[in-house]
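Okay, so here's the structure we're looking at.
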Amino acid sequence: MKAKPVKITDTTLRDAHQSLWATRMRTEDMVPILEELDSVGYHSLEVWGGATFDAPLRFLDENPWERLRIIKKHVRKTPLQMLLRGQNLVGYKHYSDSIVKDFVKHAAKNGIDIFRIFDALNDTRNVEVAIKAVKAAGAHAQGAVCYTISPVHTLEHYVETAIEMVKMGCDSICIKDMAALLSPYRTQKLVERFRKEIDVPIQIHCHYIGGMAPMNYLKAVESGAELIDTATVPLAFGNSQPAVEMIVAALKDSVHDTGLDMDKLYKIADYFENVREARNFQRGVTSLIHMKVFSHQVPGGMISNLYSQLEEQKAEDRLEEVLEEIPKVRAEAGYPPLVTPLSQIVGIQAVLNILTGKRWGVIPDEMRKYILGYYGKAPGKIDEEVEKKVKSSSKLKPIKTRPAAQLKEKLSDYKKEIKDLAKNDEDVLTYALFPQQAREYLQRHAEGVEETTFLTSREIAAVKENEYMDVEQVKELIKALEKSKVDELTIEEGDVKICVRKGLNGQPAASVEAPSSATKETGQANVDAKAGTDTHPDSSKSINAPMVGTFYRASAPDADPFIQEGQEVDVGQTVCILEAMKLMNEIEAEEKGVIKEILVENGQPVEYGQPLFLYEPISG
C-alpha cells in the first residue's frame, strides 16, 4: 500500500501552554530549544495567536511582536503558525476590516506563514476579510470549523461551513475540537464527508480532556486527514493535545508513519520537563470534572477560567452549579460553540446567574451585543424571553448585517491617540486591540524599563502538586518585586499567606502568616453582598459591582470619564466599565440620581458586591 505519512503541527509554544500553564511560558523559556524544534521535521510550529498575544502583554511584561520576531530568527526551516479569531483577531471583540488587514499584513511580515482562521459562531461572514488578507500577504490560509454538539450543529452544517471557507480561498481546512466533544466514529463521518466535498488538505485539532483524542486521530488519518496537532509530553494531556511521542509510536510501521525521530522528541521533552519543574507548572491530567465534559460540554480550559473566577469571589464550591447552568445559558443563547470569545460570554453569564440567584438578572454588555447580533448570527433560535429582556433594556439596536461592516476605525485613528508612545505600526496595532494594557506597557518601556518579570499566582499555586512552598520560591518572589514597579505582592497557598512588600528604603521584606477565620468570614461576606444598589443611612444609595473585575472610569485611556462627582445620571446611563474574564462590561445606572462620591480608583480590582459609587436618588 502506498505510504501516506501524517504531518504534525506542534502546539507546545501556543495552545499547549495556553491550555495547561495559563499562557505563562516566557520567551526566555522558548529560545534555548527553538533550533531543536526546527530540526524535528514538523509540518508547522504553532507559536502565536490565541491568548499568546495578550497574556505576555498583561502578565509577563513582554512584547508579543518581539516574541514572534525572536522565534522567527531561530526557526528557519519550519513554517510558523498562528491562531486568528477571524474578525476578532487575537482580541475579544470585532475589529474593523481595515485593522484586520493591517494586523494580518504585519503578522506575516514578522514571521507567520500559516494562519488558522476561525469564527466562534462558524459565521463565515466573520472570516472572509481575514482569509483574503492572508492570501494577499502570500501566506497559507487555513479555515477552522468549530465542532460542538447541539440540535442545530448537524453534519451538513459543518460541511457547508468548510465548503464556504474553501470558496473564500482557504488552502486547507481544520476540524477544531476545542471542547474534546468529538468521538472516534463522529470523527470518521466528518472526515469522510469533508474528503468527498472539498479538495484541500484536512487537519484535525483535538484536546485530550476526556481521553478520546488519540482515537479520534487514528480514525481521522484512516479516513483521509493529512495533518494532526500534538504537543511535547510535559505539555500534553489534560486540557492540552495528545503527546507527540504517543502518536508517533502509534503510527510507526504503518502507511501513516510520521518518520519523526523519537530521540529528538525525547530531548525536547526533557527540556520542557525541566522548564515545568523550574516554573512549578502542573502536568496535564484528566480529573472527574474534565471527564464530565461529555455531560456538560464545557471545555477544560474554560473550566479552569471559571474556577479562577469563582475563587476570586470566594465561591469555588459553586463550580458544579455553574457547570450545570452553562448548558442552560447556552441553549437560551442559541447554542453558540464554547470557544473564545463566546465561552467567556456564556461563562460569565452563568456565573452571574448563580451568584446573584436571579437568572438573567444581570446581563453583561458583551452578552447583550451577542444577543443583538454584534458577534454574528446565532446558530440557533435565541430564547424569546431573554431576547425580549435584552432588547427592552439596551441602547443598541439589533443588527442582521455583517457585524464589522459598521466599524470604520483605521490605524491612523489609533496613531493619533497613542502618539509618540508607539514606536512602530506593531505598537499601534497592539494599542488598537488592547488599549489599557498596551498604554501601560508602552509607558513602562518609554521610561526605560527593559525587563520586568512577574511571578504569577498560578505558578505559585502549582506547588499543590508537591504540597510545599520552599525558600527558593520566596526568593523568586522577592526578585520579581525588586525588578518590578509593584510595591507589594501577596500570595495565598492553602493555610499560608506570603506577603512581600517594599519598605521605606525600597527593599523587599517578606512576611508569612496563616489567614484567620475572620479573614475568611470577610471574604464570604463579599460573595453574599448584593450587586446592583444598596440604600445607606443618609438616604444616599450605592451602585455595586455585579461581578469581580477591574474598574475603569472611561472607555479608553485617553477618553473622558463616563461620569464625574456631582453629575446627574439617568437610568441606563453608563457609569463605568468592569473588565472580567477578558471582557469589557459596561455598568449602567439603574435609577436617576446625582453622583456624590466615586469610591474606587481607576484600574483598581473590585469584588462582587463592592460599592463603586454613592449617589442621591432623584424622584420623579
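Quick note on naming: the chains in the C-alpha cells go A, B, ... in the order shown, residues restart at 1 in each chain, and ligands are numbered from 1 in order of appearance.
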
Distance query segment 98-107 of chain A at most 6 Å, only C-alpha atoms, self and fewer than 2 positions along chain excluded, as a CSV table (one decimal) with N, CA and C atoms, in the first residue's frame:
chain,number,residue,atom,x,y,z
A,96,SER,N,-12.4,46.5,12.9
A,96,SER,CA,-12.8,46.9,11.5
A,96,SER,C,-12.0,46.1,10.5
A,109,LYS,N,4.5,39.7,7.9
A,109,LYS,CA,5.8,40.4,7.8
A,109,LYS,C,6.8,40.0,8.9
A,110,ASN,N,6.2,39.8,10.1
A,110,ASN,CA,7.1,39.4,11.2
A,110,ASN,C,7.3,37.9,11.4
A,112,ILE,N,4.8,35.0,10.4
A,112,ILE,CA,3.7,34.0,10.4
A,112,ILE,C,3.6,33.5,8.9
A,133,ALA,N,-7.1,38.7,3.4
A,133,ALA,CA,-5.9,39.4,3.8
A,133,ALA,C,-4.7,38.5,3.9
A,137,ALA,N,-1.2,38.6,1.6
A,137,ALA,CA,0.1,38.6,2.2
A,137,ALA,C,1.0,37.5,1.7
A,410,LYS,N,-9.4,53.1,11.6
A,410,LYS,CA,-8.2,52.8,10.9
A,410,LYS,C,-7.0,53.0,11.8

Check the DSSP output for the backbone and give back, as number ranges by chain, the residues of segment 115-234 of chain A in strand (DSSP E or B).
-> A: 115-117, 140-146, 172-177, 202-206, 227-231

Neighbour list for Met302 of chain A as a ChimeraX atom specification, cut-off 12 Å, only C-alpha atoms, skip fewer than 6 positions in-chain | /A:18-20,22,178-180,209,239,289-290,293,296,308-309,319,322-323,326,338-348,581

Polymer residues at most 12 Å from Glu324 of chain A, only C-alpha atoms, same-chain spacing of 5 or more positions, as an MDAnalysis selection string = chainID A and resid 289 292:293 295:298 303 318:319 329:330 347 350:351 353:354

Do a neighbour search on Tyr208 of chain A at 9 Å with only C-alpha atoms, toss out local chain neighbours closer than 5 positions, and write the hits as a list in words.
->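 After dropping sequence-adjacent residues, the list is Ala179, Ala180, Ala213, Pro214, Ala236, Phe237, Gly238, Asn239, Ser240, Gln241, Pro242 and Thr286 of chain A.
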
List every residue of segment 144-247 of chain A that DSSP, applied to the backbone of this structure, places in alpha helix (DSSP H), and write the result as a PyMOL selection string.
-> chain A and resi 155-168+184-197+213-222+244-247

What does the distance from atom CA of Tyr307 of chain A to atom CA of Glu321 of chain A come to in Å, to one decimal?
->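 Pair atom CA of Tyr307 of chain A / atom CA of Glu321 of chain A returns 11.6 Å.
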
Pick out the residues sitting within 8 Å of segment 436-445 of chain A, and hand them over as number ranges by chain; count only C-alpha atoms, and ignore anything fewer than 6 positions along from it in its own chain.
-> A: 57-58, 61, 418, 421-422, 427, 430, 556-557

Give me a file of those residues, with C-alpha atoms, as a PDB file, in the first residue's frame.
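Below is the file that was written, result06.pdb:
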ATOM      1  CA  LEU A  57       1.437  41.825  27.483  1.00  0.00           C
ATOM      2  CA  ARG A  58      -0.804  41.571  30.566  1.00  0.00           C
ATOM      3  CA  ASP A  61       5.656  42.408  30.512  1.00  0.00           C
ATOM      4  CA  ILE A 418      -1.283  56.748  21.310  1.00  0.00           C
ATOM      5  CA  LEU A 421       4.411  56.156  22.814  1.00  0.00           C
ATOM      6  CA  ALA A 422       4.112  53.868  19.778  1.00  0.00           C
ATOM      7  CA  ASP A 427       2.769  49.076  18.753  1.00  0.00           C
ATOM      8  CA  THR A 430      -1.342  46.366  20.000  1.00  0.00           C
ATOM      9  CA  ALA A 556     -10.205  54.092  26.746  1.00  0.00           C
ATOM     10  CA  PRO A 557      -7.103  55.560  28.434  1.00  0.00           C
TER      11      PRO A 557
END

A:Pro435, A:Glu591, A:Leu372, A:Gln573 ranked by distance to Ala559 of chain A, top pick (using only C-alpha atoms) =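 Checking each of A:Pro435, A:Glu591, A:Leu372, A:Gln573 against Ala559 of chain A, counting only C-alpha atoms, the winner is A:Pro435.
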
Top pick for closest residue to Val571 of chain A, considering A:Ser394, A:Thr401, A:Gln406, A:Gln188 and counting only C-alpha atoms =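 Between A:Ser394, A:Thr401, A:Gln406, A:Gln188, the residue approaching Val571 of chain A most closely is A:Ser394.
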
For Met165 of chain A: contacts at 7 Å, only C-alpha atoms, fewer than 4 positions along chain excluded, given as a list in words |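 Near Met165 of chain A, the qualifying residues are Thr124, Gly143, Thr161, Gly169 and Cys170 of chain A.
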
Check the smallest atom-to-atom distance from each of A:His157, A:Lys592, A:Arg368, A:Arg553 to Cys576 of chain A using only C-alpha atoms, then report the winner.
-> A:Arg553

Proximity to Glu197 of chain A - best of A:Val47, A:Ala162, A:Val31, A:Val6, only C-alpha atoms | A:Ala162

Using only C-alpha atoms, which of A:Pro561, A:Gly210, A:Gly284, A:Pro64 sits nearest His17 of chain A?
->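 So, comparing all the options, the nearest one is A:Gly284.
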
Would you mind telling me which residue in A:Glu62, A:Glu226, A:Glu164, A:Asp113 lies nearest to Asn126 of chain A when using only C-alpha atoms?
->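 Distance minimum relative to Asn126 of chain A lands on A:Glu164.
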
Atom pair atom CA of Ala120 of chain A / atom CA of Ala136 of chain A: separation (Å) =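 Going from atom CA of Ala120 of chain A over to atom CA of Ala136 of chain A, I get 23.5 Å.
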
Between atom CA of Val166 of chain A and atom CA of Phe53 of chain A, what is the spacing in Å?
->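 So the answer is 27.0 Å.
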
Using only C-alpha atoms, which residues of segment 204-304 of chain A come within 10 Å of segment 8-14 of chain A, and what is the closest atom pair for each, with the distance in Å to one decimal? Give it as CSV, sorted by chain and residue number.
residue,atom,partner,partner_atom,distance
A:Ile204,CA,A:Thr9,CA,9.9
A:His205,CA,A:Thr9,CA,9.3
A:Glu226,CA,A:Ile8,CA,8.7
A:Leu227,CA,A:Ile8,CA,5.6
A:Ile228,CA,A:Ile8,CA,5.2
A:Asp229,CA,A:Thr9,CA,4.8
A:Thr230,CA,A:Asp10,CA,5.3
A:Ala231,CA,A:Thr12,CA,4.9
A:Thr232,CA,A:Thr12,CA,6.2
A:Val233,CA,A:Thr12,CA,9.2
A:Pro234,CA,A:Thr12,CA,9.2
A:Leu235,CA,A:Thr12,CA,6.5
A:Ala236,CA,A:Thr12,CA,8.2
A:Ser240,CA,A:Thr11,CA,8.9
A:Gln241,CA,A:Thr11,CA,7.8
A:Ala243,CA,A:Asp10,CA,9.7
A:Val244,CA,A:Asp10,CA,7.9
A:Ile247,CA,A:Ile8,CA,9.6
A:Val248,CA,A:Ile8,CA,9.4
A:Thr258,CA,A:Ile8,CA,7.8
A:Leu260,CA,A:Ile8,CA,9.4
A:Phe272,CA,A:Thr12,CA,9.3

Any chance you could export the current selection's N, CA and C atoms as a PDB file, in the first residue's frame?
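What ended up in part_15.pdb:
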ATOM      1  N   ILE A 204      -6.833  17.958  11.804  1.00  0.00           N
ATOM      2  CA  ILE A 204      -7.728  17.797  12.950  1.00  0.00           C
ATOM      3  C   ILE A 204      -7.022  18.236  14.227  1.00  0.00           C
ATOM      4  N   HIS A 205      -7.733  19.039  14.994  1.00  0.00           N
ATOM      5  CA  HIS A 205      -7.212  19.618  16.239  1.00  0.00           C
ATOM      6  C   HIS A 205      -8.122  19.172  17.386  1.00  0.00           C
ATOM      7  N   GLU A 226      -4.854  14.531   6.583  1.00  0.00           N
ATOM      8  CA  GLU A 226      -3.410  14.535   6.344  1.00  0.00           C
ATOM      9  C   GLU A 226      -2.588  15.091   7.506  1.00  0.00           C
ATOM     10  N   LEU A 227      -3.226  15.882   8.374  1.00  0.00           N
ATOM     11  CA  LEU A 227      -2.469  16.589   9.414  1.00  0.00           C
ATOM     12  C   LEU A 227      -3.174  16.501  10.757  1.00  0.00           C
ATOM     13  N   ILE A 228      -2.377  16.472  11.842  1.00  0.00           N
ATOM     14  CA  ILE A 228      -2.926  16.455  13.204  1.00  0.00           C
ATOM     15  C   ILE A 228      -2.086  17.352  14.110  1.00  0.00           C
ATOM     16  N   ASP A 229      -2.641  17.734  15.253  1.00  0.00           N
ATOM     17  CA  ASP A 229      -1.958  18.597  16.230  1.00  0.00           C
ATOM     18  C   ASP A 229      -1.555  17.789  17.465  1.00  0.00           C
ATOM     19  N   THR A 230      -0.323  17.976  17.920  1.00  0.00           N
ATOM     20  CA  THR A 230       0.154  17.329  19.148  1.00  0.00           C
ATOM     21  C   THR A 230       1.047  18.293  19.905  1.00  0.00           C
ATOM     22  N   ALA A 231       1.448  17.885  21.124  1.00  0.00           N
ATOM     23  CA  ALA A 231       2.373  18.684  21.941  1.00  0.00           C
ATOM     24  C   ALA A 231       3.399  17.757  22.581  1.00  0.00           C
ATOM     25  N   THR A 232       4.526  18.314  22.985  1.00  0.00           N
ATOM     26  CA  THR A 232       5.514  17.524  23.708  1.00  0.00           C
ATOM     27  C   THR A 232       4.920  17.038  25.025  1.00  0.00           C
ATOM     28  N   VAL A 233       5.336  15.866  25.495  1.00  0.00           N
ATOM     29  CA  VAL A 233       4.634  15.195  26.588  1.00  0.00           C
ATOM     30  C   VAL A 233       4.525  16.016  27.883  1.00  0.00           C
ATOM     31  N   PRO A 234       5.504  16.841  28.289  1.00  0.00           N
ATOM     32  CA  PRO A 234       5.301  17.632  29.511  1.00  0.00           C
ATOM     33  C   PRO A 234       4.171  18.651  29.399  1.00  0.00           C
ATOM     34  N   LEU A 235       3.780  18.983  28.155  1.00  0.00           N
ATOM     35  CA  LEU A 235       2.675  19.927  27.949  1.00  0.00           C
ATOM     36  C   LEU A 235       1.506  19.270  27.229  1.00  0.00           C
ATOM     37  N   ALA A 236       1.383  17.959  27.352  1.00  0.00           N
ATOM     38  CA  ALA A 236       0.296  17.228  26.698  1.00  0.00           C
ATOM     39  C   ALA A 236      -0.715  16.737  27.736  1.00  0.00           C
ATOM     40  N   SER A 240      -4.821  19.940  27.230  1.00  0.00           N
ATOM     41  CA  SER A 240      -3.989  20.150  26.056  1.00  0.00           C
ATOM     42  C   SER A 240      -4.229  19.080  24.994  1.00  0.00           C
ATOM     43  N   GLN A 241      -3.298  18.982  24.050  1.00  0.00           N
ATOM     44  CA  GLN A 241      -3.400  17.989  22.975  1.00  0.00           C
ATOM     45  C   GLN A 241      -2.743  16.669  23.390  1.00  0.00           C
ATOM     46  N   ALA A 243       0.058  13.671  23.331  1.00  0.00           N
ATOM     47  CA  ALA A 243       1.517  13.765  23.251  1.00  0.00           C
ATOM     48  C   ALA A 243       2.006  13.303  21.890  1.00  0.00           C
ATOM     49  N   VAL A 244       2.955  14.041  21.328  1.00  0.00           N
ATOM     50  CA  VAL A 244       3.508  13.688  20.023  1.00  0.00           C
ATOM     51  C   VAL A 244       4.184  12.324  20.083  1.00  0.00           C
ATOM     52  N   ILE A 247       1.621   9.544  19.599  1.00  0.00           N
ATOM     53  CA  ILE A 247       1.092   9.441  18.239  1.00  0.00           C
ATOM     54  C   ILE A 247       2.148   8.898  17.282  1.00  0.00           C
ATOM     55  N   VAL A 248       3.389   9.372  17.420  1.00  0.00           N
ATOM     56  CA  VAL A 248       4.468   8.877  16.562  1.00  0.00           C
ATOM     57  C   VAL A 248       4.657   7.375  16.752  1.00  0.00           C
ATOM     58  N   THR A 258       4.948   8.737  10.662  1.00  0.00           N
ATOM     59  CA  THR A 258       5.347  10.152  10.557  1.00  0.00           C
ATOM     60  C   THR A 258       6.804  10.314  10.155  1.00  0.00           C
ATOM     61  N   LEU A 260       9.182  10.781  12.183  1.00  0.00           N
ATOM     62  CA  LEU A 260       9.877  11.658  13.131  1.00  0.00           C
ATOM     63  C   LEU A 260      10.802  10.856  14.035  1.00  0.00           C
ATOM     64  N   PHE A 272      11.535  20.587  28.213  1.00  0.00           N
ATOM     65  CA  PHE A 272      10.308  21.212  28.725  1.00  0.00           C
ATOM     66  C   PHE A 272       9.912  20.660  30.094  1.00  0.00           C
TER      67      PHE A 272
END
